[in-house]
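Below is model.txt, holding compact mmCIF, C-alpha atoms.
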```txt
# COMPACT_ATOMS: atom_id res chain seq x y z
CA MET L 273 5.88 -19.85 -20.48
CA PRO L 274 7.75 -23.17 -20.79
CA MET L 275 10.05 -23.83 -17.81
CA ASP L 276 13.22 -23.94 -19.93
CA ASP L 277 12.45 -20.52 -21.42
CA LEU L 278 11.90 -19.09 -17.95
CA LEU L 279 15.18 -20.51 -16.65
CA ASP L 280 16.99 -19.17 -19.74
CA SER L 281 15.62 -15.68 -19.17
CA LEU L 282 16.44 -15.73 -15.43
CA VAL L 283 19.99 -16.94 -16.04
CA ALA L 284 20.49 -14.41 -18.85
CA ASP L 285 19.35 -11.69 -16.45
CA LEU L 286 21.88 -12.73 -13.78
CA GLU L 287 24.19 -10.07 -12.41
CA PRO L 288 26.25 -9.98 -9.21
CA VAL L 289 24.17 -8.53 -6.37
CA ARG L 290 25.09 -6.62 -3.25
CA ARG L 291 23.85 -8.76 -0.40
CA ARG L 292 21.32 -7.25 1.97
CA THR L 293 22.38 -7.46 5.63
CA SER L 294 20.67 -6.40 8.83
CA THR L 295 23.85 -4.57 9.81
CA GLY L 296 23.72 -2.51 6.62
CA ASP L 297 20.10 -1.58 7.30
CA ALA L 298 20.92 -0.70 10.91
CA LEU L 299 23.77 1.54 9.77
CA ALA L 300 21.52 3.42 7.35
CA ILE L 301 18.94 3.87 10.09
CA GLY L 302 21.57 5.01 12.59
CA LEU L 303 22.79 7.59 10.10
CA LEU L 304 19.27 8.93 9.60
CA CYS L 305 18.69 9.06 13.37
CA ALA L 306 21.87 11.07 13.91
CA LEU L 307 21.06 13.40 11.01
CA GLU L 308 17.45 14.03 12.01
CA LEU L 309 18.21 14.55 15.69
CA SER L 310 21.12 16.90 15.00
CA MET L 311 19.05 18.91 12.51
CA PHE L 312 16.07 19.09 14.88
CA LEU L 313 18.21 20.27 17.78
CA GLY L 314 20.38 22.37 15.46
CA VAL L 315 17.46 24.64 14.56
CA GLY L 316 16.94 25.40 18.27
CA SER L 317 13.98 23.14 18.98
CA MET L 318 15.19 21.97 22.37
CA ARG L 319 12.85 23.01 25.19
CA PRO L 320 14.25 26.03 27.01
CA ASP L 321 13.85 24.52 30.48
CA MET L 322 15.75 21.32 29.69
CA ARG L 323 18.36 22.06 32.39
CA PHE L 324 15.67 21.91 35.07
CA ALA L 325 13.46 19.27 33.46
CA ILE L 326 16.33 16.82 33.34
CA ALA L 327 15.94 16.33 37.07
CA GLU L 328 12.31 15.19 36.64
CA PRO L 329 11.62 11.42 36.55
CA ALA L 330 8.78 12.07 34.11
CA LEU L 331 11.21 13.32 31.44
CA TRP L 332 13.36 10.22 31.83
CA TRP L 333 10.25 8.08 31.68
CA LYS L 334 9.41 9.73 28.33
CA PHE L 335 12.90 9.21 26.95
CA ALA L 336 13.08 5.62 28.17
CA THR L 337 9.60 4.71 26.91
CA PHE L 338 10.01 6.01 23.38
CA GLY L 339 13.68 5.05 23.15
CA VAL L 340 12.98 1.44 24.11
CA LEU L 341 9.90 1.22 21.87
CA ALA L 342 11.83 2.70 18.93
CA LEU L 343 14.66 0.20 19.45
CA LEU L 344 12.24 -2.72 19.70
CA GLY L 345 10.31 -1.53 16.64
CA LEU L 346 13.44 -1.00 14.58
CA GLY L 347 14.91 -4.35 15.61
CA THR L 348 11.69 -6.18 14.79
CA ALA L 349 11.30 -4.40 11.46
CA ILE L 350 14.90 -4.93 10.30
CA LEU L 351 14.90 -8.62 11.25
CA SER L 352 11.57 -9.25 9.56
CA PHE L 353 12.85 -7.90 6.23
CA ASP L 354 14.47 -11.34 6.03
CA PRO L 355 11.96 -13.79 4.49
CA SER L 356 12.56 -16.51 7.07
CA ILE L 357 11.99 -14.30 10.14
CA SER L 358 8.51 -13.46 11.45
CA PRO L 359 7.83 -10.16 13.26
CA LYS L 360 5.32 -11.76 15.64
CA ARG L 361 7.66 -12.27 18.57
CA GLY L 362 8.96 -8.68 18.28
CA LEU L 363 5.42 -7.33 18.18
CA TRP L 364 4.60 -9.19 21.39
CA TRP L 365 7.67 -7.65 23.02
CA ILE L 366 6.49 -4.22 21.87
CA ALA L 367 3.03 -4.83 23.35
CA ALA L 368 4.63 -5.91 26.62
CA ALA L 369 6.87 -2.81 26.61
CA VAL L 370 3.85 -0.54 26.06
CA ALA L 371 2.07 -2.16 29.01
CA ALA L 372 5.17 -1.82 31.19
CA ALA L 373 5.59 1.83 30.14
CA LEU L 374 2.00 2.61 31.11
CA VAL L 375 2.47 0.99 34.52
CA VAL L 376 5.70 2.91 35.12
CA GLY L 377 3.95 6.08 33.88
CA GLY L 378 1.25 5.52 36.49
CA ILE L 379 3.88 5.19 39.19
CA VAL L 380 5.70 8.32 38.01
CA ASN L 381 2.39 10.17 37.79
CA ALA L 382 1.36 9.48 41.37
CA PRO L 383 3.61 11.90 43.31
CA MET L 384 3.35 14.73 40.75
CA HIS L 385 1.39 17.84 41.66
CA HIS L 386 -1.17 18.31 38.91
CA GLN L 387 -3.81 20.85 38.20
CA PRO L 388 -7.08 19.32 39.32
CA ASP L 389 -8.89 20.13 36.08
CA LEU L 390 -8.62 17.21 33.66
CA ALA L 391 -9.30 19.40 30.61
CA MET L 392 -6.37 21.62 31.56
CA ARG L 393 -4.13 18.63 32.15
CA LEU L 394 -4.94 17.24 28.72
CA ASN L 395 -4.71 20.66 27.04
CA TRP L 396 -6.16 19.53 23.72
CA ARG L 397 -4.86 22.49 21.64
CA SER L 398 -1.30 21.73 22.62
CA GLY L 399 -2.04 18.01 22.32
CA LEU L 400 -3.14 18.28 18.69
CA GLN L 401 -0.01 20.30 17.96
CA CYS L 402 2.09 17.52 19.49
CA VAL L 403 0.32 14.93 17.33
CA MET L 404 1.06 16.92 14.17
CA VAL L 405 4.73 17.54 14.97
CA MET L 406 5.31 13.93 15.99
CA SER L 407 3.75 12.68 12.77
CA VAL L 408 6.01 14.94 10.71
CA LEU L 409 9.10 13.88 12.68
CA ALA L 410 8.21 10.22 12.05
CA LEU L 411 8.06 10.69 8.28
CA PRO L 412 11.78 10.46 7.36
CA MET L 413 12.14 7.20 9.33
CA LEU L 414 8.95 5.86 7.79
CA VAL L 415 10.19 6.58 4.27
CA LEU L 416 13.61 5.02 4.92
CA LEU L 417 12.06 1.90 6.49
CA ALA L 418 9.62 1.61 3.57
CA VAL L 419 12.56 1.70 1.13
CA LEU L 420 14.43 -0.93 3.16
CA MET L 421 11.29 -3.05 3.42
CA ARG L 422 10.85 -2.91 -0.32
CA ARG L 423 14.46 -3.93 -0.87
CA GLY L 424 14.08 -6.78 1.64
CA ALA L 425 11.75 -9.75 1.33
CA PRO L 426 9.27 -9.64 4.22
CA THR L 427 6.99 -12.65 4.13
CA HIS L 428 4.64 -11.32 6.84
CA ARG L 429 3.96 -7.97 5.20
CA ARG L 430 1.23 -6.81 7.58
CA GLY L 431 3.20 -7.62 10.73
CA THR L 432 6.32 -6.02 9.28
CA ALA L 433 4.34 -2.92 8.29
CA LEU L 434 3.06 -2.71 11.86
CA ALA L 435 6.60 -2.97 13.24
CA VAL L 436 7.75 -0.31 10.78
CA GLY L 437 4.89 1.95 11.88
CA VAL L 438 5.77 1.46 15.56
CA ALA L 439 9.46 2.12 14.88
CA ALA L 440 8.86 5.31 12.87
CA ALA L 441 6.16 6.63 15.21
CA THR L 442 8.10 6.05 18.42
CA TRP L 443 11.27 7.47 16.86
CA GLY L 444 9.32 10.62 15.95
CA ALA L 445 8.01 10.76 19.54
CA PHE L 446 11.52 10.25 20.94
CA VAL L 447 12.86 13.20 18.94
CA PHE L 448 9.89 15.31 19.98
CA VAL L 449 10.57 14.61 23.67
CA PHE L 450 13.56 17.01 23.38
CA ALA L 451 11.18 19.84 22.45
CA CYS L 452 7.93 19.08 24.24
CA PRO L 453 7.45 20.95 27.52
CA HIS L 454 4.67 18.61 28.73
CA ASP L 455 5.84 15.95 31.16
CA ASP L 456 2.52 14.95 32.71
CA PRO L 457 2.30 11.15 32.14
CA LEU L 458 -1.44 11.40 31.48
CA TYR L 459 -0.89 14.00 28.76
CA VAL L 460 1.97 11.96 27.28
CA SER L 461 -0.02 8.72 27.34
CA ILE L 462 -2.99 10.28 25.56
CA TRP L 463 -1.45 12.66 23.02
CA TYR L 464 1.77 10.79 22.28
CA GLY L 465 -0.37 7.68 22.01
CA VAL L 466 -2.61 9.39 19.43
CA GLY L 467 0.44 10.74 17.56
CA CYS L 468 2.00 7.27 17.37
CA ALA L 469 -1.32 5.70 16.39
CA VAL L 470 -1.66 8.03 13.39
CA THR L 471 1.69 6.94 11.94
CA ILE L 472 1.11 3.29 12.81
CA VAL L 473 -2.32 3.24 11.16
CA TYR L 474 -1.20 4.65 7.85
CA ALA L 475 1.99 2.55 7.84
CA ARG L 476 -0.09 -0.56 8.46
CA ALA L 477 -2.59 0.43 5.76
CA LEU L 478 -0.18 1.56 3.03
CA LEU L 479 3.05 -0.40 3.37
CA PRO L 480 1.64 -3.87 2.64
CA LEU L 481 0.37 -2.49 -0.67
CA LEU L 482 3.56 -0.60 -1.55
CA THR L 483 5.93 -3.43 -0.71
CA ARG L 484 4.17 -6.30 -2.42
CA TRP L 485 6.59 -8.67 -4.18
CA MET I 170 23.08 -19.50 -4.21
CA ALA I 171 26.26 -17.87 -2.92
CA ALA I 172 27.80 -18.45 -6.36
CA ALA I 173 24.67 -17.06 -8.02
CA GLN I 174 24.90 -13.93 -5.88
CA ALA I 175 28.40 -13.49 -7.25
CA GLY I 176 27.09 -13.82 -10.83
CA ASP I 177 27.97 -17.47 -11.65
CA SER I 178 25.41 -18.32 -14.37
CA ALA I 179 26.17 -22.05 -14.58
CA ALA I 180 25.75 -22.56 -10.82
CA TYR I 181 22.60 -20.48 -10.88
CA ARG I 182 21.09 -22.51 -13.72
CA ARG I 183 21.86 -25.73 -11.85
CA LEU I 184 20.26 -24.33 -8.70
CA LEU I 185 17.07 -23.28 -10.51
CA GLU I 186 16.81 -26.67 -12.22
CA GLU I 187 17.04 -28.39 -8.85
CA LEU I 188 14.51 -26.04 -7.28
CA GLY I 189 11.88 -26.70 -9.96
CA PRO I 190 11.02 -30.31 -8.96
CA TRP I 191 11.14 -29.47 -5.24
CA LEU I 192 8.72 -26.57 -5.72
CA ARG I 193 6.47 -28.71 -7.90
CA ARG I 194 6.19 -31.31 -5.13
CA TYR I 195 5.60 -28.56 -2.57
CA TYR I 196 2.74 -26.96 -4.50
CA THR I 197 1.22 -30.22 -5.76
CA ARG I 198 0.34 -31.05 -2.15
CA ARG I 199 -1.12 -27.59 -1.51
CA LEU I 200 -2.74 -26.17 -4.64
CA PRO I 201 -5.15 -27.27 -7.38
CA PRO I 202 -3.23 -28.99 -10.20
CA SER I 203 -4.22 -26.30 -12.73
CA ILE I 204 -2.15 -23.59 -10.99
CA VAL I 205 0.86 -25.59 -9.79
CA ASP I 206 3.00 -24.65 -12.80
CA ASP I 207 2.19 -20.95 -12.41
CA ALA I 208 3.05 -21.07 -8.71
CA VAL I 209 6.38 -22.79 -9.40
CA GLN I 210 7.35 -20.20 -12.03
CA GLU I 211 6.23 -17.29 -9.86
CA THR I 212 8.34 -18.60 -6.97
CA LEU I 213 11.39 -19.00 -9.19
CA ILE I 214 10.98 -15.38 -10.31
CA ALA I 215 10.66 -14.31 -6.65
CA VAL I 216 13.81 -16.26 -5.76
CA HIS I 217 15.56 -14.46 -8.63
CA GLU I 218 14.36 -11.01 -7.59
CA LYS I 219 15.11 -11.49 -3.90
CA ARG I 220 18.34 -13.46 -4.19
CA HIS I 221 20.24 -10.62 -2.53
CA THR I 222 18.32 -11.26 0.72
CA TYR I 223 19.83 -14.72 1.17
CA ASP I 224 22.43 -14.73 3.93
CA THR I 225 25.14 -17.25 2.99
CA ASN I 226 25.97 -17.85 6.65
CA ARG I 227 22.57 -19.44 7.15
CA PRO I 228 21.00 -22.58 5.62
CA PHE I 229 19.36 -22.18 2.23
CA ALA I 230 16.32 -24.44 2.77
CA PRO I 231 14.46 -22.28 5.35
CA TRP I 232 14.99 -19.22 3.15
CA LEU I 233 13.53 -20.99 0.14
CA ALA I 234 10.71 -22.57 2.16
CA ALA I 235 9.73 -19.13 3.52
CA ILE I 236 9.47 -17.72 -0.01
CA ALA I 237 7.55 -20.77 -1.25
CA ARG I 238 5.13 -20.48 1.66
CA TYR I 239 4.69 -16.76 1.05
CA LYS I 240 3.85 -17.38 -2.61
CA TRP I 241 1.53 -20.23 -1.62
CA ILE I 242 -0.44 -17.93 0.72
CA ASP I 243 -0.52 -15.32 -2.04
CA ARG I 244 -2.03 -17.91 -4.37
CA LEU I 245 -4.60 -18.94 -1.79
CA ARG I 246 -5.65 -15.30 -1.36
CA ALA I 247 -5.94 -14.96 -5.14
CA LEU I 248 -8.06 -18.13 -5.26
CA LYS I 249 -10.29 -16.70 -2.55
CA ARG I 250 -10.88 -13.59 -4.65
CA LEU I 251 -12.03 -15.60 -7.67
CA PRO I 252 -15.79 -15.56 -8.22
CA THR I 253 -17.46 -18.72 -7.02
CA GLU I 254 -20.89 -20.07 -7.72
CA ALA I 255 -22.78 -21.29 -4.70
CA LEU I 256 -24.36 -24.69 -5.14
CA SER I 257 -28.08 -24.70 -4.50
CA GLU I 258 -29.36 -27.12 -1.91
CA ASP I 259 -32.36 -27.76 -4.15
CA ILE I 260 -30.48 -29.36 -7.02
CA SER I 261 -32.89 -31.58 -8.94
CA VAL I 262 -31.86 -35.19 -9.25
CA PRO I 263 -33.70 -37.85 -11.28
CA ASP I 264 -36.42 -39.60 -9.35
CA HIS I 265 -35.54 -43.30 -8.99
CA GLU I 266 -38.76 -44.23 -7.27
CA SER I 267 -40.52 -45.75 -10.29
CA ALA I 268 -37.44 -47.77 -11.24
CA VAL I 269 -37.10 -49.10 -7.69
CA VAL I 270 -40.81 -49.99 -7.53
CA SER I 271 -40.64 -51.69 -10.93
CA ALA I 272 -37.61 -53.74 -9.90
CA THR I 273 -39.30 -54.81 -6.67
CA VAL I 274 -42.55 -55.76 -8.41
CA LEU I 275 -40.64 -57.66 -11.11
CA GLU I 276 -38.72 -59.62 -8.46
CA GLN I 277 -42.00 -60.50 -6.74
CA LEU I 278 -43.50 -61.66 -10.04
CA LEU I 279 -40.42 -63.70 -10.95
CA ALA I 280 -40.50 -65.33 -7.50
CA GLY I 281 -43.88 -66.79 -8.49
CA LEU I 282 -42.34 -68.65 -11.50
CA LYS I 283 -40.42 -71.90 -11.57
CA PRO I 284 -36.71 -71.24 -10.80
CA ALA I 285 -35.59 -72.42 -14.27
CA GLN I 286 -38.05 -70.00 -15.97
CA ALA I 287 -37.19 -67.08 -13.72
CA GLU I 288 -33.45 -67.61 -14.22
CA VAL I 289 -33.56 -67.57 -18.04
CA ILE I 290 -35.91 -64.56 -18.11
CA ARG I 291 -33.46 -62.64 -15.87
CA LEU I 292 -30.52 -63.57 -18.07
CA VAL I 293 -32.06 -62.98 -21.50
CA LYS I 294 -34.77 -60.35 -20.98
CA ILE I 295 -33.21 -58.28 -18.18
CA GLN I 296 -29.45 -58.73 -18.38
CA GLY I 297 -29.30 -59.00 -22.18
CA PHE I 298 -27.56 -62.36 -22.68
CA SER I 299 -28.24 -64.30 -25.86
CA VAL I 300 -30.18 -67.58 -25.76
CA GLU I 301 -26.95 -69.52 -26.35
CA GLU I 302 -25.12 -67.68 -23.56
CA ALA I 303 -28.05 -68.26 -21.20
CA ALA I 304 -28.04 -71.94 -22.17
CA ALA I 305 -24.32 -72.19 -21.43
CA ARG I 306 -24.73 -70.46 -18.03
CA THR I 307 -27.77 -72.44 -16.88
CA GLY I 308 -26.91 -75.84 -18.40
CA GLN I 309 -30.26 -75.89 -20.24
CA SER I 310 -30.42 -76.56 -23.97
CA ALA I 311 -31.08 -73.57 -26.23
CA SER I 312 -34.54 -74.82 -27.14
CA LEU I 313 -35.39 -75.38 -23.47
CA VAL I 314 -34.28 -71.82 -22.72
CA LYS I 315 -36.68 -70.53 -25.41
CA VAL I 316 -39.52 -72.68 -24.08
CA ASN I 317 -38.90 -71.57 -20.48
CA ILE I 318 -38.83 -67.94 -21.52
CA HIS I 319 -42.05 -68.31 -23.50
CA ARG I 320 -43.87 -70.14 -20.71
CA GLY I 321 -42.52 -67.86 -18.01
CA LEU I 322 -43.63 -64.70 -19.82
CA ALA I 323 -47.05 -66.19 -20.50
CA ARG I 324 -47.42 -67.01 -16.81
CA LEU I 325 -46.28 -63.50 -15.84
CA THR I 326 -48.87 -62.00 -18.19
CA LEU I 327 -51.59 -64.08 -16.64
CA THR I 328 -50.52 -63.11 -13.13
CA VAL I 329 -50.49 -59.39 -14.00
CA GLN I 330 -53.89 -59.58 -15.71
CA SER I 331 -55.46 -61.45 -12.81
CA GLN I 332 -54.08 -58.90 -10.31
CA ALA I 333 -55.38 -56.00 -12.45
CA TYR I 334 -58.80 -57.66 -12.55
CA ALA I 335 -58.77 -58.17 -8.76
CA ASP I 336 -57.81 -54.49 -8.18
CA GLY I 337 -60.87 -53.49 -10.26
```
Take the structure in the file and give it back as structure tokens.
Amino acid sequence: MPMDDLLDSLVADLEPVRRRTSTGDALAIGLLCALELSMFLGVGSMRPDMRFAIAEPALWWKFATFGVLALLGLGTAILSFDPSISPKRGLWWIAAAVAAALVVGGIVNAPMHHQPDLAMRLNWRSGLQCVMVMSVLALPMLVLLAVLMRRGAPTHRRGTALAVGVAAATWGAFVFVFACPHDDPLYVSIWYGVGCAVTIVYARALLPLLTRW
Amino acid sequence: MAAAQAGDSAAYRRLLEELGPWLRRYYTRRLPPSIVDDAVQETLIAVHEKRHTYDTNRPFAPWLAAIARYKWIDRLRALKRLPTEALSEDISVPDHESAVVSATVLEQLLAGLKPAQAEVIRLVKIQGFSVEEAAARTGQSASLVKVNIHRGLARLTLTVQSQAYADG
């Protein structure tokens, strides 16, 4: 197409646009977080022993780990929807936070009295259930972030998709912490890790294709 | 761009016209000439579709450069996907050996002639000058050029025949 014709068609197509802002995206995400958490707790999903568990460092370790990772993931994802911002630095921070969380988990794990049998500690039936529930809880956030990513202009689509996957997965895990009765750091590291990995893998595989521009 | 976001067509047109040459220079340095125009147009369309992502509180150039770079990488990936034909290492090239040998032998034969004969044979019989042009270049008369060519060729013939006889 000749350049003048292209410019004519672009100018003819011009309409005022509502500017995309990181604050607007953050507000939409905050709204979804509040809605999902209130609905999840509203249907009575909170673990029955929460009053006693709240005194356990392991529960706070779970909340802190997935809360911080979700915040880092969301921040990285939202910022990288801007074409001039790369998600690389945020992803490095996430990797560092995961390493730090594992170290802290090891420290929290040490004084706990565990059953000696590793198979019982890992409890694979319950673990698979956790993976499934976490994946489902991550879905609303994943869909919202995919819509925002599509509306934005990420120029590092794979990195942004990874950040979106981390954000959605760790948010799903954070919500699930309210319901999950397992506080053993080994169990959490393995099964929550698998649950997050599932969401991250399909976000990383699908989102770059769905948000091509 | 801020005016374009608000729907100002004239400002938008001016912006796009100014972006065109900048993008052309950008892609000319990075892409094969045959796809520069396509890349420029594709980037302008991307700028149009994603104009709502430009934050007016920040400079415009990095925003545009990020989109241009993104489209450039996209183009490179597309180029990578195109079928390519591997060049064989056994490509046949014409054999120059006989020509080189002939030239060497001819130089050796000409070296056995008088310089005036060798010079006019080179000019007229090898380089293709006319007798008059050779006469002008060498300072010999036209008839002397003809005589030198005739005698030189006769001497060359004799030399070749005698060598062939000696080789058996």
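In chain L, the set of residues within 9 Å of chain I (atoms considered: all atoms listed in the file) is Met273, Met275, Asp276, Leu278, Leu279, Asp280, Leu282, Val283, Ala284, Leu286, Glu287, Pro288, Val289, Arg290, Arg291, Arg292, Thr293, Phe353, Asp354, Pro355, Ser356, Ile357, Arg423, Gly424, Ala425, Thr427, His428 and Trp485 of chain L.
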So how far away is atom CA of Arg476 of chain L from atom CA of Leu200 of chain I, in Å? 28.9 Å
Using all atoms listed in the file, which residues sit within 12 Å of segment 297-306 of chain I once same-chain residues fewer than 5 positions away are excluded, as a PyMOL selection string? chain I and resi 285-292+311-318
Please, which residues are within 12 Å of (12.6, 10.4, 28.0) by the file's coordinates, counting all atoms listed in the file, and could they come as a CSV table (one decimal) with C-alpha atoms, in the coordinates of the input?
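Generated file (out38.csv):
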```
chain,number,residue,atom,x,y,z
L,322,MET,CA,15.8,21.3,29.7
L,325,ALA,CA,13.5,19.3,33.5
L,326,ILE,CA,16.3,16.8,33.3
L,327,ALA,CA,15.9,16.3,37.1
L,328,GLU,CA,12.3,15.2,36.6
L,329,PRO,CA,11.6,11.4,36.6
L,330,ALA,CA,8.8,12.1,34.1
L,331,LEU,CA,11.2,13.3,31.4
L,332,TRP,CA,13.4,10.2,31.8
L,333,TRP,CA,10.2,8.1,31.7
L,334,LYS,CA,9.4,9.7,28.3
L,335,PHE,CA,12.9,9.2,27.0
L,336,ALA,CA,13.1,5.6,28.2
L,337,THR,CA,9.6,4.7,26.9
L,338,PHE,CA,10.0,6.0,23.4
L,339,GLY,CA,13.7,5.0,23.2
L,340,VAL,CA,13.0,1.4,24.1
L,341,LEU,CA,9.9,1.2,21.9
L,342,ALA,CA,11.8,2.7,18.9
L,373,ALA,CA,5.6,1.8,30.1
L,377,GLY,CA,4.0,6.1,33.9
L,442,THR,CA,8.1,6.0,18.4
L,443,TRP,CA,11.3,7.5,16.9
L,445,ALA,CA,8.0,10.8,19.5
L,446,PHE,CA,11.5,10.2,20.9
L,447,VAL,CA,12.9,13.2,18.9
L,448,PHE,CA,9.9,15.3,20.0
L,449,VAL,CA,10.6,14.6,23.7
L,450,PHE,CA,13.6,17.0,23.4
L,451,ALA,CA,11.2,19.8,22.4
L,452,CYS,CA,7.9,19.1,24.2
L,453,PRO,CA,7.4,21.0,27.5
L,454,HIS,CA,4.7,18.6,28.7
L,455,ASP,CA,5.8,16.0,31.2
L,457,PRO,CA,2.3,11.2,32.1
L,460,VAL,CA,2.0,12.0,27.3
```
Please enclose the listed atoms of segment 312-331 of chain L in an axis-aligned box, pad each side by 6 Å, and write out the centre and the three edge lengths in Å, rounded to one decimal, as lines of an AutoDock Vina configuration file.
```
center_x = 14.6
center_y = 18.7
center_z = 25.8
size_x = 23.6
size_y = 26.6
size_z = 34.5
```
